[in-house]
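As structure tokens, the structure follows; a few thoughts come after it.
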Amino acid sequence: MDSILIGTSGFDYPEWKGIFYPENLKRREYLEYYASKFNALEINNTFYSMPDSMRLRNFMERTDCRLQFSIKAHKSLTHEINGEWKKRAEEFKFSLLPLQQKGVLSAILFQVPQSFHYTPQNRFYLADLIREFDGFPAVIEFRHREWIKESVFEGLSKRGTSIVFCDMPQLKALPDGTACRTPFVGPNAYLRMHGRNAGAWYSSGNTPNGSGRYDYEYSLEELESFVPVIQSALQEHKKVHVYFNNHPQGSGARNAGQLRQILDKFLGVQD
């Protein structure tokens, strides 16, 4: 199953106890347990604070290099950009060296906000950012459908950079993921399963990290609809990543396990 990475966005959720984690499992043992169930993990808290190389090395050692890691870029590179961004980029790259050297860095996730519009200034910045991370496995997640166009796909492909296929509510400004209008470009087919909770996506009652918008559980039928998407990516010889970001109430972990079983059934995929 080396060509298909399946996991969740984050793992350290105390509310998963009794749902995904056994009731008697200590919190410090969550990561090792997680690694016994999945082969990949998307680390999201690096968006809020610059990752620490020793902490990432610890993650790697605790899982005996069994997990592939996708690391979300710090907000200073995507949301709070200023004249110091290249310095922040150097700090970020340095912190990832332990993972890169051991071959367990599967991707760097650059998620730009919905307010990051398709403008000349933003296009130039994105090109500079990708150039700054040359040699790293970069994937870009757009939150505005202005970027979902052939010229962007071609530009990313020329730079060896992949685009994120987002499954999310079908709202006016968001990319249309369910219609499969976002092709896989570059070496990676990267799917982020955000859920389809349209009513809470822009809710003012969301928690600071917006977890309310991700409160959604996929049905088996909805998960099965992604089989041809994944199959197509495999036929194109892409490395497939699937991360479930619908973490409230343990839905992401549950759905990730269900997708593994579905892929085994339809594609004969096994560890």
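Scheme for the structure tokens: letters A, B, ... for chains in order shown; per-chain residue numbers from 1; ligand numbers from 1 in order shown.
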
Note to self: List as a PyMOL selection string the protein and nucleic acid residues near Lys158 (chain A), meaning an atom at most 12 Å away when only C-alpha atoms are counted, but skip any in the same chain fewer than 2 places from it.
What the structure shows: chain A and resi 127+130-131+151-156+160-162+185-187

Go ahead and write the selection's residues with N, CA, C and O atoms as a compact mmCIF listing (two decimals), in the first residue's frame.
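Saved file result_1.txt follows:
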```txt
# COMPACT_ATOMS: atom_id res chain seq x y z
N ALA A 127 4.71 31.67 -6.99
CA ALA A 127 5.84 31.17 -7.77
C ALA A 127 7.14 31.27 -6.95
O ALA A 127 7.97 30.34 -6.95
N ILE A 130 7.10 28.56 -4.13
CA ILE A 130 7.41 27.22 -4.65
C ILE A 130 8.90 27.11 -4.95
O ILE A 130 9.52 26.08 -4.66
N ARG A 131 9.47 28.16 -5.52
CA ARG A 131 10.90 28.15 -5.83
C ARG A 131 11.72 28.03 -4.56
O ARG A 131 12.75 27.34 -4.52
N SER A 151 -4.42 27.25 -16.62
CA SER A 151 -3.12 27.92 -16.55
C SER A 151 -2.42 27.67 -15.22
O SER A 151 -1.19 27.53 -15.17
N VAL A 152 -3.20 27.59 -14.14
CA VAL A 152 -2.63 27.31 -12.82
C VAL A 152 -2.14 25.86 -12.77
O VAL A 152 -1.04 25.58 -12.28
N PHE A 153 -2.93 24.95 -13.30
CA PHE A 153 -2.53 23.54 -13.32
C PHE A 153 -1.21 23.37 -14.07
O PHE A 153 -0.31 22.67 -13.63
N GLU A 154 -1.11 24.04 -15.21
CA GLU A 154 0.11 23.93 -16.03
C GLU A 154 1.31 24.52 -15.30
O GLU A 154 2.40 23.95 -15.32
N GLY A 155 1.10 25.66 -14.64
CA GLY A 155 2.19 26.30 -13.91
C GLY A 155 2.70 25.44 -12.77
O GLY A 155 3.92 25.31 -12.55
N LEU A 156 1.80 24.84 -12.02
CA LEU A 156 2.19 23.97 -10.92
C LEU A 156 2.91 22.73 -11.44
O LEU A 156 3.93 22.29 -10.88
N GLY A 160 6.75 20.98 -10.71
CA GLY A 160 6.76 19.74 -9.92
C GLY A 160 5.96 19.83 -8.65
O GLY A 160 6.24 19.14 -7.67
N THR A 161 4.95 20.71 -8.65
CA THR A 161 4.13 20.94 -7.47
C THR A 161 2.73 20.41 -7.71
O THR A 161 2.19 20.52 -8.80
N SER A 162 2.13 19.87 -6.67
CA SER A 162 0.81 19.24 -6.80
C SER A 162 -0.27 20.14 -6.20
O SER A 162 0.00 21.02 -5.38
N VAL A 185 -2.22 17.23 -10.57
CA VAL A 185 -1.03 17.65 -11.30
C VAL A 185 0.18 17.42 -10.41
O VAL A 185 0.07 17.35 -9.18
N GLY A 186 1.34 17.28 -11.03
CA GLY A 186 2.53 16.98 -10.27
C GLY A 186 2.56 15.53 -9.84
O GLY A 186 1.71 14.73 -10.24
N PRO A 187 3.50 15.13 -9.01
CA PRO A 187 3.68 13.72 -8.65
C PRO A 187 2.69 13.17 -7.63
O PRO A 187 2.54 11.96 -7.50
```

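Excluding Arg66 (chain A) and any residue on its chain fewer than 6 positions from it, the residues at most 10 Å away by only C-alpha atoms are Glu32, Ala35, Ser36, Phe38, Asn39, Ala40, Met60 and Val104 of chain A.
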
Sorted per-residue table, region 75-194 of chain A near region 243-256 of chain A, closest atoms and distance, 8 Å, only C-alpha atoms, as a tab-separated table:
```
residue	atom	partner	partner_atom	distance
A:Leu191	CA	A:Tyr243	CA	6.3
A:Arg192	CA	A:Tyr243	CA	5.1
A:Met193	CA	A:Phe244	CA	4.7
A:His194	CA	A:Asn245	CA	5.0
```

Based on the selection just made, write all heavy atoms of those residues as a PDB file, in the first residue's frame.
```pdb
ATOM      1  N   LEU A 191      -5.683  14.327  -1.485  1.00  0.00           N
ATOM      2  CA  LEU A 191      -7.093  14.565  -1.178  1.00  0.00           C
ATOM      3  C   LEU A 191      -7.247  14.956   0.282  1.00  0.00           C
ATOM      4  O   LEU A 191      -6.749  14.256   1.168  1.00  0.00           O
ATOM      5  CB  LEU A 191      -7.943  13.326  -1.452  1.00  0.00           C
ATOM      6  CG  LEU A 191      -8.105  12.863  -2.897  1.00  0.00           C
ATOM      7  CD1 LEU A 191      -6.934  11.983  -3.324  1.00  0.00           C
ATOM      8  CD2 LEU A 191      -9.400  12.074  -3.058  1.00  0.00           C
ATOM      9  N   ARG A 192      -7.948  16.050   0.526  1.00  0.00           N
ATOM     10  CA  ARG A 192      -8.279  16.446   1.895  1.00  0.00           C
ATOM     11  C   ARG A 192      -9.786  16.392   2.040  1.00  0.00           C
ATOM     12  O   ARG A 192     -10.536  17.072   1.327  1.00  0.00           O
ATOM     13  CB  ARG A 192      -7.777  17.850   2.227  1.00  0.00           C
ATOM     14  CG  ARG A 192      -6.271  17.988   2.256  1.00  0.00           C
ATOM     15  CD  ARG A 192      -5.868  19.322   2.889  1.00  0.00           C
ATOM     16  NE  ARG A 192      -5.751  19.206   4.343  1.00  0.00           N
ATOM     17  CZ  ARG A 192      -5.891  20.218   5.187  1.00  0.00           C
ATOM     18  NH1 ARG A 192      -6.212  21.423   4.734  1.00  0.00           N
ATOM     19  NH2 ARG A 192      -5.755  20.036   6.488  1.00  0.00           N
ATOM     20  N   MET A 193     -10.232  15.607   2.976  1.00  0.00           N
ATOM     21  CA  MET A 193     -11.652  15.379   3.195  1.00  0.00           C
ATOM     22  C   MET A 193     -12.116  16.273   4.348  1.00  0.00           C
ATOM     23  O   MET A 193     -11.966  15.940   5.528  1.00  0.00           O
ATOM     24  CB  MET A 193     -11.899  13.904   3.500  1.00  0.00           C
ATOM     25  CG  MET A 193     -11.201  12.944   2.520  1.00  0.00           C
ATOM     26  SD  MET A 193     -11.886  13.021   0.864  1.00  0.00           S
ATOM     27  CE  MET A 193     -13.352  12.044   1.103  1.00  0.00           C
ATOM     28  N   HIS A 194     -12.666  17.416   3.993  1.00  0.00           N
ATOM     29  CA  HIS A 194     -13.078  18.396   4.994  1.00  0.00           C
ATOM     30  C   HIS A 194     -14.499  18.165   5.498  1.00  0.00           C
ATOM     31  O   HIS A 194     -14.898  18.755   6.502  1.00  0.00           O
ATOM     32  CB  HIS A 194     -13.002  19.803   4.407  1.00  0.00           C
ATOM     33  CG  HIS A 194     -11.609  20.259   4.100  1.00  0.00           C
ATOM     34  ND1 HIS A 194     -10.601  20.280   5.047  1.00  0.00           N
ATOM     35  CD2 HIS A 194     -11.042  20.710   2.946  1.00  0.00           C
ATOM     36  CE1 HIS A 194      -9.483  20.737   4.507  1.00  0.00           C
ATOM     37  NE2 HIS A 194      -9.729  21.001   3.232  1.00  0.00           N
TER      38      HIS A 194
END
```

Next item on the list: Can you check which residues of region 125-175 of chain A DSSP gives as helix (DSSP H, G or I) on the backbone and send them as a PyMOL selection string?
Entry: chain A and resi 125-132+145-147+150-158

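Each of A:Leu129, A:Ala73, A:Met54, A:Leu109 was checked against Leu97 (chain A) using only C-alpha atoms; the smallest atom-to-atom distance is that of A:Met54.
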
Checklist line | Nearby residues (only C-alpha atoms) at most 6 Å from Gly195 (chain A), same-chain spacing under 6 positions excluded, as a list in words | finding: Met168, Tyr214, Tyr216 and Asn246 of chain A

Residues as selected, N, CA, C and O atoms, written as a PDB file, in the first residue's frame, can you do that?
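Output contents, as saved in selection_7.pdb:
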```pdb
ATOM      1  N   MET A 168     -15.337  19.454   0.091  1.00  0.00           N
ATOM      2  CA  MET A 168     -15.874  20.414   1.039  1.00  0.00           C
ATOM      3  C   MET A 168     -17.254  20.838   0.558  1.00  0.00           C
ATOM      4  O   MET A 168     -17.680  20.446  -0.528  1.00  0.00           O
ATOM      5  N   TYR A 214     -15.965  21.390  10.370  1.00  0.00           N
ATOM      6  CA  TYR A 214     -15.518  20.043   9.999  1.00  0.00           C
ATOM      7  C   TYR A 214     -16.307  18.936  10.699  1.00  0.00           C
ATOM      8  O   TYR A 214     -15.919  17.775  10.643  1.00  0.00           O
ATOM      9  N   TYR A 216     -18.628  16.557  10.532  1.00  0.00           N
ATOM     10  CA  TYR A 216     -19.335  15.856   9.467  1.00  0.00           C
ATOM     11  C   TYR A 216     -18.809  14.424   9.394  1.00  0.00           C
ATOM     12  O   TYR A 216     -17.617  14.187   9.592  1.00  0.00           O
ATOM     13  N   ASN A 246     -12.182  15.880   9.024  1.00  0.00           N
ATOM     14  CA  ASN A 246     -13.453  15.950   9.763  1.00  0.00           C
ATOM     15  C   ASN A 246     -13.289  15.310  11.137  1.00  0.00           C
ATOM     16  O   ASN A 246     -13.910  14.309  11.475  1.00  0.00           O
TER      17      ASN A 246
END
```

Note to self: as a PyMOL selection string, please: every residue in region 41-194 of chain A that DSSP puts in strand (DSSP E).
What the structure shows: chain A and resi 41-43+68-72+105-111+138-141+162-167+188-193

Take the residues from that selection and write them out as a short mmCIF file (atom, residue, chain, number, x, y, z; two decimals), in the first residue's frame, keeping N, CA, C and O atoms.
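Below is the file result.cif, written as the result:
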```
data_model
loop_
_atom_site.label_atom_id
_atom_site.label_comp_id
_atom_site.auth_asym_id
_atom_site.auth_seq_id
_atom_site.Cartn_x
_atom_site.Cartn_y
_atom_site.Cartn_z
N LEU A 41 0.20 10.58 8.38
CA LEU A 41 -0.36 11.55 9.33
C LEU A 41 -0.10 12.95 8.80
O LEU A 41 1.02 13.28 8.40
N GLU A 42 -1.14 13.76 8.82
CA GLU A 42 -1.00 15.17 8.47
C GLU A 42 -0.92 15.97 9.76
O GLU A 42 -1.84 15.93 10.59
N ILE A 43 0.18 16.69 9.93
CA ILE A 43 0.39 17.52 11.12
C ILE A 43 -0.08 18.94 10.80
O ILE A 43 0.45 19.59 9.90
N GLN A 68 4.35 8.08 7.19
CA GLN A 68 4.73 9.18 6.32
C GLN A 68 4.05 10.44 6.88
O GLN A 68 2.87 10.40 7.27
N PHE A 69 4.78 11.54 6.89
CA PHE A 69 4.26 12.77 7.49
C PHE A 69 4.04 13.85 6.43
O PHE A 69 4.91 14.10 5.59
N SER A 70 2.88 14.47 6.51
CA SER A 70 2.60 15.68 5.75
C SER A 70 2.54 16.83 6.75
O SER A 70 1.83 16.73 7.75
N ILE A 71 3.29 17.89 6.49
CA ILE A 71 3.40 18.99 7.44
C ILE A 71 2.78 20.24 6.85
O ILE A 71 3.15 20.68 5.76
N LYS A 72 1.83 20.82 7.57
CA LYS A 72 1.19 22.04 7.09
C LYS A 72 2.10 23.24 7.33
O LYS A 72 2.67 23.41 8.41
N LEU A 105 9.04 12.36 4.87
CA LEU A 105 8.31 13.59 4.61
C LEU A 105 7.57 13.41 3.29
O LEU A 105 8.15 13.47 2.22
N SER A 106 6.26 13.17 3.38
CA SER A 106 5.50 12.90 2.16
C SER A 106 5.05 14.17 1.47
O SER A 106 4.87 14.18 0.24
N ALA A 107 4.86 15.25 2.22
CA ALA A 107 4.38 16.50 1.60
C ALA A 107 4.51 17.67 2.57
O ALA A 107 4.49 17.49 3.79
N ILE A 108 4.64 18.85 1.99
CA ILE A 108 4.44 20.10 2.72
C ILE A 108 3.16 20.69 2.17
O ILE A 108 3.03 20.92 0.96
N LEU A 109 2.20 20.92 3.05
CA LEU A 109 0.89 21.43 2.65
C LEU A 109 0.85 22.94 2.81
O LEU A 109 0.94 23.46 3.92
N PHE A 110 0.72 23.64 1.70
CA PHE A 110 0.54 25.08 1.71
C PHE A 110 -0.94 25.36 1.46
O PHE A 110 -1.41 25.24 0.33
N GLN A 111 -1.68 25.72 2.51
CA GLN A 111 -3.10 26.01 2.36
C GLN A 111 -3.28 27.52 2.41
O GLN A 111 -3.12 28.16 3.45
N ALA A 138 5.98 19.72 -2.40
CA ALA A 138 5.00 20.75 -2.08
C ALA A 138 3.64 20.45 -2.70
O ALA A 138 3.55 20.01 -3.85
N VAL A 139 2.58 20.70 -1.93
CA VAL A 139 1.21 20.62 -2.44
C VAL A 139 0.50 21.90 -2.02
O VAL A 139 0.72 22.42 -0.93
N ILE A 140 -0.35 22.42 -2.92
CA ILE A 140 -1.03 23.69 -2.69
C ILE A 140 -2.53 23.45 -2.57
O ILE A 140 -3.14 22.81 -3.42
N GLU A 141 -3.11 23.96 -1.49
CA GLU A 141 -4.57 23.91 -1.33
C GLU A 141 -5.14 25.30 -1.49
O GLU A 141 -4.85 26.21 -0.71
N SER A 162 2.13 19.87 -6.67
CA SER A 162 0.81 19.24 -6.80
C SER A 162 -0.27 20.14 -6.20
O SER A 162 0.00 21.02 -5.38
N ILE A 163 -1.49 19.90 -6.65
CA ILE A 163 -2.64 20.65 -6.15
C ILE A 163 -3.49 19.73 -5.27
O ILE A 163 -3.56 18.53 -5.52
N VAL A 164 -4.09 20.30 -4.25
CA VAL A 164 -4.91 19.52 -3.34
C VAL A 164 -6.34 19.41 -3.90
O VAL A 164 -6.93 20.40 -4.31
N PHE A 165 -6.85 18.21 -3.92
CA PHE A 165 -8.25 17.94 -4.27
C PHE A 165 -9.04 18.05 -2.97
O PHE A 165 -8.86 17.24 -2.07
N CYS A 166 -9.88 19.08 -2.86
CA CYS A 166 -10.62 19.32 -1.62
C CYS A 166 -12.05 18.83 -1.73
O CYS A 166 -12.77 19.23 -2.65
N ASP A 167 -12.47 18.00 -0.79
CA ASP A 167 -13.88 17.69 -0.67
C ASP A 167 -14.42 18.56 0.45
O ASP A 167 -14.01 18.42 1.61
N ASN A 188 1.99 14.06 -6.92
CA ASN A 188 1.11 13.62 -5.83
C ASN A 188 -0.36 13.87 -6.14
O ASN A 188 -0.72 14.91 -6.69
N ALA A 189 -1.19 12.91 -5.77
CA ALA A 189 -2.64 13.08 -5.77
C ALA A 189 -3.03 13.24 -4.30
O ALA A 189 -3.02 12.27 -3.55
N TYR A 190 -3.35 14.44 -3.91
CA TYR A 190 -3.52 14.77 -2.50
C TYR A 190 -4.97 15.15 -2.25
O TYR A 190 -5.46 16.17 -2.76
N LEU A 191 -5.68 14.33 -1.49
CA LEU A 191 -7.09 14.57 -1.18
C LEU A 191 -7.25 14.96 0.28
O LEU A 191 -6.75 14.26 1.17
N ARG A 192 -7.95 16.05 0.53
CA ARG A 192 -8.28 16.45 1.90
C ARG A 192 -9.79 16.39 2.04
O ARG A 192 -10.54 17.07 1.33
N MET A 193 -10.23 15.61 2.98
CA MET A 193 -11.65 15.38 3.19
C MET A 193 -12.12 16.27 4.35
O MET A 193 -11.97 15.94 5.53
#
```

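CA of Leu267 (chain A) sits 19.8 Å away from CA of Tyr218 (chain A).
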
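Closest approach to Leu171 (chain A) from the set A:Lys87, A:Thr119, A:Gln114, A:Leu234 is made by A:Gln114, with distances taken over only C-alpha atoms.
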
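Here CA of Arg27 (chain A) is placed at a distance of 29.4 Å from CA of Leu220 (chain A).
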
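We find CA of Met50 (chain A) and CA of His74 (chain A) to be spaced 6.0 Å apart.
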
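Residue nearest Tyr118 (chain A), chosen from A:Glu29, A:Glu80, A:Glu146, A:Asp64 and counting only C-alpha atoms: A:Glu146.
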
Margin query: Env of Tyr202 (chain A): 12 Å cut, atoms = only C-alpha atoms, seq-sep filter 5 positions within chain, self excluded. Answer as a list of chain:residue names.
Written below: A:Gln114, A:Pro169, A:Leu171, A:Lys172, A:Ala173, A:Leu174, A:Asn197, A:Thr207, A:Gly210, A:Ser211, A:Gly212, A:Arg213, A:Tyr214
